[in-house]
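Here is the structure we will look at, set down as structure tokens.
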Amino acid sequence: MAINLSKGNQINLSKQAPSLRRVRVGLGWEVANTTPALDLDVSAFVCKLTAQNEPKLLSEQHFVFFNNLRTPNGSVTHSGDNRTGAASGDDETLMVDLLRLEPEIREISFVVTIHDAALRNHSFGLLREAYIKLYNDETGELLCAYDLDAEFSSETALQVGSIIRNAQGDFEFHAIGAGYTLELGAFLQGYL
């Protein structure tokens with residue numbers, strides 16, 4: 001049974017789906033009828049933890065986005081850029097192969113940004129029916145969903161949530177729900 005998350009919620013994916021091997025992360029959105037097309041981008045920051053317990057990219061190649069579609073070992077892959085959100089269903093997807101993740105990986109943080117938001121005066125307030133969903137990729141089962149436009153209106157970037165490998169080795173999803181008026185490059189600097 002899928003769980004609808006809100007800001008601050010978390011779910012233990014390993015306990016909900018004990019045989020979970022691959023997670024598909026889907027992003028979908030629609031724009032209001034009077035709004036020009038918005039280009040949303042989902043990115044993954046595949047991180048180790050520092051001595052100060054802060055997530056940092058394992059390497060620059062572990063930043064997965066529309067210009068770098070996979071980590072070096074292919075454990076995290078991106079479906080490619082959808083610039084309009086016009087299709088039905090998930091508009092952009094990321095695949096996470098939990099078994100192929102490097103042992104030092106402790107967090108995969110998912111960030112959604114609006115391309116050229118400041119230049120075009122775009123924000124999440126122009127969207128409707130925006131979401132991120134996590135699926136068991138092998139069975140197609142929806143594990144959890146998080147509605148992106150429920151509480152964000154003027155923001156141009158969202159740290160949606162993270163897949164965390166906890167101390168016991170289980171994988172959890174944490175709904176972060178932190179909104180910003182930043183471009184993608186600003187997020188990258190924080191993870192280097």
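Order determines the names: the first chain of the structure tokens is A, the second B, and so forth; residues in each chain are numbered 1 upward, and ligands are numbered 1 upward as they are shown.
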
Which of range 18-159 of chain A DSSP labels strand (DSSP E), written as number ranges by chain: A: 22-31, 40-49, 55-57, 63-64, 76-78, 92-97, 107-114, 127-136, 142-147, 157-159

Quick one: everything within 9 Å of Val42 in chain A, counting only C-alpha atoms, minus sequence neighbours fewer than 4 positions away in the same chain. Send it as a VMD selection string. chain A and resid 27 64 to 66 78 81 92 to 94 110 to 113

Determine, counting only C-alpha atoms, which protein, DNA and RNA residues have an atom within 12 Å of an atom of Gly169 in chain A; residues of the same chain fewer than 3 positions away are not included. Present the result as a count of residues only. 17

I'd like to know which of A:Tyr135, A:Val25, A:Leu38, A:Ser109 is closest to Pro55 in chain A, using only C-alpha atoms.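 Closest to Pro55 in chain A, using only C-alpha atoms: A:Ser109.
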
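Among the candidates A:Asp90, A:Glu129, A:Glu155, A:Asp97, the residue lying nearest to Arg21 in chain A is A:Asp97 (atoms considered: only C-alpha atoms).
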
Select, from A:Ala51, A:Phe45, A:Ala178, A:Val31, the residue with the minimum atom-to-atom distance to Leu127 in chain A, counting only C-alpha atoms.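 Nearest candidate to Leu127 in chain A out of A:Ala51, A:Phe45, A:Ala178, A:Val31: A:Val31.
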
Option closest in space to Glu60 in chain A, from A:Leu134, A:Ile114, A:Leu188, A:Gly179 [counting only C-alpha atoms]: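 Of all the options, A:Leu188 lies closest to Glu60 in chain A.
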
By how many Å are CA of Tyr191 in chain A and CA of Lys48 in chain A apart?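 So the two atoms, CA of Tyr191 in chain A and CA of Lys48 in chain A, lie 10.1 Å apart.
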